[in-house]
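What follows is a set of notes on a single structure, which appears directly below.
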Amino acid sequence: MSPRLSASAPLDQISEDTPKELKRTALSFEVIPPRHDADAAKIDRLLATLAAYNPDYIAVTSSQRSGWLEGTAAFIEKISRDTAMRPLAHLACTAGTEEELVGWIDTLVDAGVRGLLALRGDLPEGGMPEGHLPHADSLVRLIRRWESDRVARLAAGRLAVGVACYPNGHAESATPDEDIDVLLAKQRLGADFAITQLFFDAEDYVRFAQRARLAGVRIPLIPGIMPMTSRARVERMCQLSGLAGPTKVLDQLAAATSPEEEKEIGMQITASLAKSVMNAGADGLHIYTHNNPDITTDLLNRIGVTP
Ligand code: FAD
């Protein structure tokens, strides 16, 4: 395992040479519940491809599009039935009232989940509805309360609770300090690990991790890596995530003279970013697969991870 990032790790040590011990570093994937009319064979191929890497866990998103947790729970049941991958469910405060969230946790644990990513979700127009938890820290607290009320059901085990963190700051945060304070609060309330929002420069991740460590954050901060296959995709993801477009990356993609060249440039940038954060001592790699097995395999090949 690569050494943990220390608060004193110098930024000038960020390099994209292939880390010697990459294979022993944590690896996880994010997938999206398929639509009802999705091609079953494609989904089977996605799961078989990802399972071949024996990831530490596979995280399944939840959103209004997937009927909140309905699509998530159904996909997790399929993953548990068809593969040996350990599923983790994204659970957002926007998915329901406190009582409804307790019901969802019951359902997800029945479906085989032993890990949750506690999120607030994107605020609906008009703000968070009445009876919903206001922030992800309250959800971490709720999950830990659920857990202590049902110790027997978990055979005295624990749920792994993850949270989101933001190397470039959350769009609603007043200052970068607020992001660190919130992460500390989540850790204090029982978060075991954090997965980062997209970022496009390894230095942003390393600086954020260093500031977090100095402030007392001890949980792993797992870099979320999105394969950058086109300028349009990067722009769309930035828009959805409330991030400023990364000018340098967008300019490099814009210089391509064909879609194939654009994809090649984007994948090279992504692989270089992944290698740089690993070499800087990141605790693992979390790949946003967008349910695309070929792009995921391509990226992992480029950074030296084989099935
Ligand atoms: P919070 O931690 O609540 O933070 C939101 C804002 O409120 C921040 O500015 C924060 O500083 C501030 N804040 C936090 N706590 C407090 C407090 N106690 N008092 C005052 N201010 C506070 N969304 C989905 O709907 N479904 C998904 O599956 C999903 N998956 C994601 C996976 C990852 C890895 C990431 C990074 C994001 C994901 N999101 C998902 C998006 C996420 O829901 C949004 O980024 C959302 O806007 C914020 O979520 P959060 O959990 O960080 O919220």
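Letters A, B, ... mark the chains of the structure tokens in the order given; residue numbers begin at 1 per chain; ligand numbers begin at 1, in order shown.
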
**Q.** Residues flagged alpha helix (DSSP H) by DSSP in region 170-205 of chain A, as JSON, numbers by chain
**A.** {"A": [176, 177, 178, 179, 180, 181, 182, 183, 184, 185, 186, 187, 188, 189, 202, 203, 204, 205]}

Q: Find the residues around Asp149 (chain A) up to 12 Å (only C-alpha atoms counted), leave out those fewer than 5 positions away in its own chain, and share them as a ChimeraX atom specification.
A: /A:102,106,142-144,154,156,158

Q: Among the residues of region 55-266 of chain A, find those DSSP assigns to strand (DSSP E) from the backbone and print them as a ChimeraX atom specification.
A: /A:57-60,87-92,115-119,160-165,193-196,221-222,224-225

Output file for the selection above: N, CA, C and O atoms, as a compact mmCIF listing (two decimals), in the first residue's frame:
# COMPACT_ATOMS: atom_id res chain seq x y z
N TYR A 57 -15.05 -2.39 -3.33
CA TYR A 57 -16.51 -2.26 -3.27
C TYR A 57 -17.00 -1.62 -4.56
O TYR A 57 -16.20 -1.05 -5.33
N ILE A 58 -18.30 -1.73 -4.79
CA ILE A 58 -18.90 -1.09 -5.97
C ILE A 58 -20.02 -0.19 -5.45
O ILE A 58 -20.91 -0.65 -4.71
N ALA A 59 -19.93 1.10 -5.75
CA ALA A 59 -20.89 2.07 -5.20
C ALA A 59 -21.99 2.34 -6.22
O ALA A 59 -21.71 2.60 -7.39
N VAL A 60 -23.25 2.27 -5.76
CA VAL A 60 -24.38 2.46 -6.66
C VAL A 60 -25.07 3.78 -6.32
O VAL A 60 -25.51 3.99 -5.18
N PRO A 87 -21.39 -4.42 -2.42
CA PRO A 87 -22.06 -3.18 -2.84
C PRO A 87 -22.14 -2.13 -1.73
O PRO A 87 -22.29 -2.45 -0.55
N LEU A 88 -22.03 -0.89 -2.15
CA LEU A 88 -22.20 0.26 -1.25
C LEU A 88 -23.28 1.14 -1.90
O LEU A 88 -23.24 1.36 -3.11
N ALA A 89 -24.26 1.60 -1.10
CA ALA A 89 -25.36 2.38 -1.68
C ALA A 89 -25.20 3.86 -1.35
O ALA A 89 -24.86 4.22 -0.22
N HIS A 90 -25.45 4.71 -2.33
CA HIS A 90 -25.50 6.15 -2.08
C HIS A 90 -26.88 6.45 -1.50
O HIS A 90 -27.90 6.05 -2.07
N LEU A 91 -26.91 7.16 -0.39
CA LEU A 91 -28.17 7.51 0.25
C LEU A 91 -28.17 9.02 0.45
O LEU A 91 -27.23 9.55 1.06
N ALA A 92 -29.18 9.70 -0.08
CA ALA A 92 -29.18 11.17 0.02
C ALA A 92 -30.36 11.66 0.85
O ALA A 92 -31.45 11.07 0.81
N GLY A 115 -22.51 -1.02 3.43
CA GLY A 115 -21.84 0.27 3.36
C GLY A 115 -22.75 1.30 2.71
O GLY A 115 -23.50 0.99 1.79
N LEU A 116 -22.71 2.54 3.22
CA LEU A 116 -23.55 3.61 2.67
C LEU A 116 -22.69 4.85 2.45
O LEU A 116 -21.79 5.14 3.24
N LEU A 117 -22.97 5.58 1.36
CA LEU A 117 -22.35 6.88 1.17
C LEU A 117 -23.42 7.90 1.54
O LEU A 117 -24.46 8.00 0.86
N ALA A 118 -23.20 8.62 2.64
CA ALA A 118 -24.21 9.54 3.17
C ALA A 118 -24.06 10.91 2.52
O ALA A 118 -23.02 11.57 2.68
N LEU A 119 -25.08 11.32 1.78
CA LEU A 119 -25.03 12.57 1.02
C LEU A 119 -26.24 13.43 1.33
O LEU A 119 -27.27 12.91 1.76
N ALA A 160 -20.20 0.43 6.97
CA ALA A 160 -19.16 1.37 6.55
C ALA A 160 -19.88 2.62 6.07
O ALA A 160 -20.77 2.54 5.23
N VAL A 161 -19.52 3.78 6.62
CA VAL A 161 -20.21 5.01 6.24
C VAL A 161 -19.20 5.97 5.57
O VAL A 161 -18.22 6.38 6.19
N GLY A 162 -19.49 6.28 4.31
CA GLY A 162 -18.66 7.23 3.58
C GLY A 162 -19.39 8.54 3.41
O GLY A 162 -20.62 8.63 3.59
N VAL A 163 -18.65 9.58 3.06
CA VAL A 163 -19.24 10.91 2.81
C VAL A 163 -18.52 11.53 1.60
O VAL A 163 -17.48 11.02 1.17
N ALA A 164 -19.08 12.62 1.10
CA ALA A 164 -18.45 13.32 -0.02
C ALA A 164 -17.49 14.38 0.52
O ALA A 164 -17.70 14.92 1.61
N CYS A 165 -16.44 14.68 -0.26
CA CYS A 165 -15.59 15.83 0.08
C CYS A 165 -15.16 16.52 -1.22
O CYS A 165 -15.29 15.95 -2.31
N PHE A 193 -14.84 7.10 5.85
CA PHE A 193 -14.01 7.48 4.71
C PHE A 193 -14.75 8.53 3.90
O PHE A 193 -15.96 8.74 4.10
N ALA A 194 -14.03 9.20 3.00
CA ALA A 194 -14.66 10.20 2.12
C ALA A 194 -14.21 9.96 0.69
O ALA A 194 -13.08 9.53 0.45
N ILE A 195 -15.12 10.21 -0.24
CA ILE A 195 -14.78 10.13 -1.67
C ILE A 195 -14.86 11.55 -2.22
O ILE A 195 -15.79 12.29 -1.91
N THR A 196 -13.88 11.90 -3.05
CA THR A 196 -13.86 13.29 -3.54
C THR A 196 -14.78 13.49 -4.73
O THR A 196 -15.04 12.58 -5.51
N LEU A 221 -9.22 9.80 2.27
CA LEU A 221 -9.87 10.73 1.31
C LEU A 221 -9.62 10.13 -0.07
O LEU A 221 -8.55 10.30 -0.65
N ILE A 222 -10.59 9.41 -0.56
CA ILE A 222 -10.37 8.62 -1.78
C ILE A 222 -10.66 9.46 -3.02
O ILE A 222 -11.77 9.99 -3.17
N GLY A 224 -11.89 10.56 -6.45
CA GLY A 224 -12.84 10.11 -7.46
C GLY A 224 -12.33 10.55 -8.83
O GLY A 224 -12.09 11.73 -9.06
N ILE A 225 -12.12 9.60 -9.72
CA ILE A 225 -11.53 9.90 -11.03
C ILE A 225 -12.56 9.64 -12.14
O ILE A 225 -13.08 8.52 -12.26

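Minimum atom-to-atom distances from A:Arg302, A:His286, A:Arg150, A:Lys275 to ligand 1 were compared using only C-alpha atoms and all ligand atoms, and the lowest value belongs to A:His286.
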
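Between ligand 1 and the residues A:Arg35, A:Arg45, A:Arg120, A:Arg114, the shortest atom-to-atom distance, using only C-alpha atoms and all ligand atoms, involves A:Arg120.
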
(Q) Can you pull out the residues contacting Thr289 (chain A)? Cut-off 9 Å, using only C-alpha atoms, and skip same-chain residues under 6 positions away; I want them as a VMD selection string. (A) chain A and resid 29 to 32 225 to 227 295 to 296

Q: Rank nothing, just name the residue among A:Ser28, A:Gln64, A:Thr94, A:Gln197 nearest to Ala136 (chain A), using only C-alpha atoms.
A: A:Thr94

Q.
Calculated over only C-alpha atoms and all ligand atoms, which of the candidates A:Gly112, A:Gly103, A:Pro167, A:Pro34 has the smallest distance to ligand 1?
A. A:Pro167

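You can rank A:Leu139, A:Val206, A:Val151, A:Ala41 by their closest distance to Ala280 (chain A) using only C-alpha atoms, and at the top of that list sits A:Val206.
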
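Excluding Leu299 (chain A) itself and any same-chain residue fewer than 5 positions from it, the protein and nucleic acid residues within 9 Å of it, counting only C-alpha atoms, are Pro227, Met267, Gln268, Thr270, Ala271, Asp294, Gly304 and Val305 of chain A.
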
Grab the residues selected above and save them as an mmCIF file, in the first residue's frame with all heavy atoms.
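Written file, part-v7.cif:
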data_model
loop_
_atom_site.group_PDB
_atom_site.id
_atom_site.type_symbol
_atom_site.label_atom_id
_atom_site.label_comp_id
_atom_site.auth_asym_id
_atom_site.auth_seq_id
_atom_site.Cartn_x
_atom_site.Cartn_y
_atom_site.Cartn_z
ATOM 1 N N PRO A 227 -13.160 9.385 -16.154
ATOM 2 C CA PRO A 227 -12.506 9.369 -17.472
ATOM 3 C C PRO A 227 -12.987 10.544 -18.320
ATOM 4 O O PRO A 227 -14.191 10.733 -18.514
ATOM 5 C CB PRO A 227 -12.967 8.027 -18.071
ATOM 6 C CG PRO A 227 -13.321 7.176 -16.895
ATOM 7 C CD PRO A 227 -13.880 8.136 -15.875
ATOM 8 N N MET A 267 -8.099 10.661 -22.285
ATOM 9 C CA MET A 267 -7.721 9.475 -21.502
ATOM 10 C C MET A 267 -6.285 9.595 -20.996
ATOM 11 O O MET A 267 -5.963 9.148 -19.897
ATOM 12 C CB MET A 267 -7.901 8.202 -22.340
ATOM 13 C CG MET A 267 -9.358 7.860 -22.634
ATOM 14 S SD MET A 267 -10.378 7.677 -21.151
ATOM 15 C CE MET A 267 -9.808 6.100 -20.538
ATOM 16 N N GLN A 268 -5.431 10.218 -21.813
ATOM 17 C CA GLN A 268 -4.045 10.430 -21.350
ATOM 18 C C GLN A 268 -4.023 11.361 -20.136
ATOM 19 O O GLN A 268 -3.327 11.125 -19.159
ATOM 20 C CB GLN A 268 -3.195 11.038 -22.469
ATOM 21 C CG GLN A 268 -2.745 10.017 -23.498
ATOM 22 C CD GLN A 268 -1.923 10.661 -24.617
ATOM 23 O OE1 GLN A 268 -1.437 11.774 -24.486
ATOM 24 N NE2 GLN A 268 -1.789 9.958 -25.718
ATOM 25 N N THR A 270 -6.480 11.830 -18.025
ATOM 26 C CA THR A 270 -7.083 11.131 -16.884
ATOM 27 C C THR A 270 -6.080 10.162 -16.253
ATOM 28 O O THR A 270 -5.944 10.108 -15.019
ATOM 29 C CB THR A 270 -8.341 10.341 -17.317
ATOM 30 O OG1 THR A 270 -9.174 11.175 -18.098
ATOM 31 C CG2 THR A 270 -9.099 9.834 -16.118
ATOM 32 N N ALA A 271 -5.390 9.388 -17.101
ATOM 33 C CA ALA A 271 -4.430 8.406 -16.572
ATOM 34 C C ALA A 271 -3.303 9.114 -15.822
ATOM 35 O O ALA A 271 -2.876 8.669 -14.750
ATOM 36 C CB ALA A 271 -3.871 7.562 -17.712
ATOM 37 N N ASP A 294 -15.769 -0.422 -21.276
ATOM 38 C CA ASP A 294 -14.596 -0.302 -22.160
ATOM 39 C C ASP A 294 -13.699 0.866 -21.749
ATOM 40 O O ASP A 294 -12.476 0.746 -21.704
ATOM 41 C CB ASP A 294 -15.045 -0.146 -23.622
ATOM 42 C CG ASP A 294 -15.835 -1.379 -24.064
ATOM 43 O OD1 ASP A 294 -15.504 -2.479 -23.582
ATOM 44 O OD2 ASP A 294 -16.791 -1.224 -24.841
ATOM 45 N N GLY A 304 -1.853 0.692 -15.315
ATOM 46 C CA GLY A 304 -1.161 -0.536 -14.910
ATOM 47 C C GLY A 304 -1.951 -1.447 -14.000
ATOM 48 O O GLY A 304 -1.371 -2.263 -13.287
ATOM 49 N N VAL A 305 -3.289 -1.324 -14.004
ATOM 50 C CA VAL A 305 -4.108 -2.236 -13.185
ATOM 51 C C VAL A 305 -4.752 -3.235 -14.136
ATOM 52 O O VAL A 305 -5.470 -2.848 -15.065
ATOM 53 C CB VAL A 305 -5.209 -1.464 -12.408
ATOM 54 C CG1 VAL A 305 -6.077 -2.422 -11.599
ATOM 55 C CG2 VAL A 305 -4.579 -0.421 -11.501
#

Q) Using only C-alpha atoms, which residues sit within 6 Å of region 184-188 of chain A once same-chain residues fewer than 3 positions away are excluded, as a count of residues only? A) 4

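For the set A:Ala152, A:Ala232, A:Ala282, A:Ala171, the residue with the smallest atom-to-atom gap to ligand 1 is A:Ala171, counting only C-alpha atoms and all ligand atoms.
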
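Picture a line from CA of Lys263 (chain A) to CA of Asn292 (chain A); it runs 13.9 Å.
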
(Q) To one decimal place in Å, what is the distance between atom 29 (C, counted along the ligand's line) of ligand 1 and CA of Glu260 (chain A)? (A) 29.6 Å

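Coordinates place atom 36 (C, counted along the ligand's line) of ligand 1 at a distance of 15.0 Å from CA of Gly284 (chain A).
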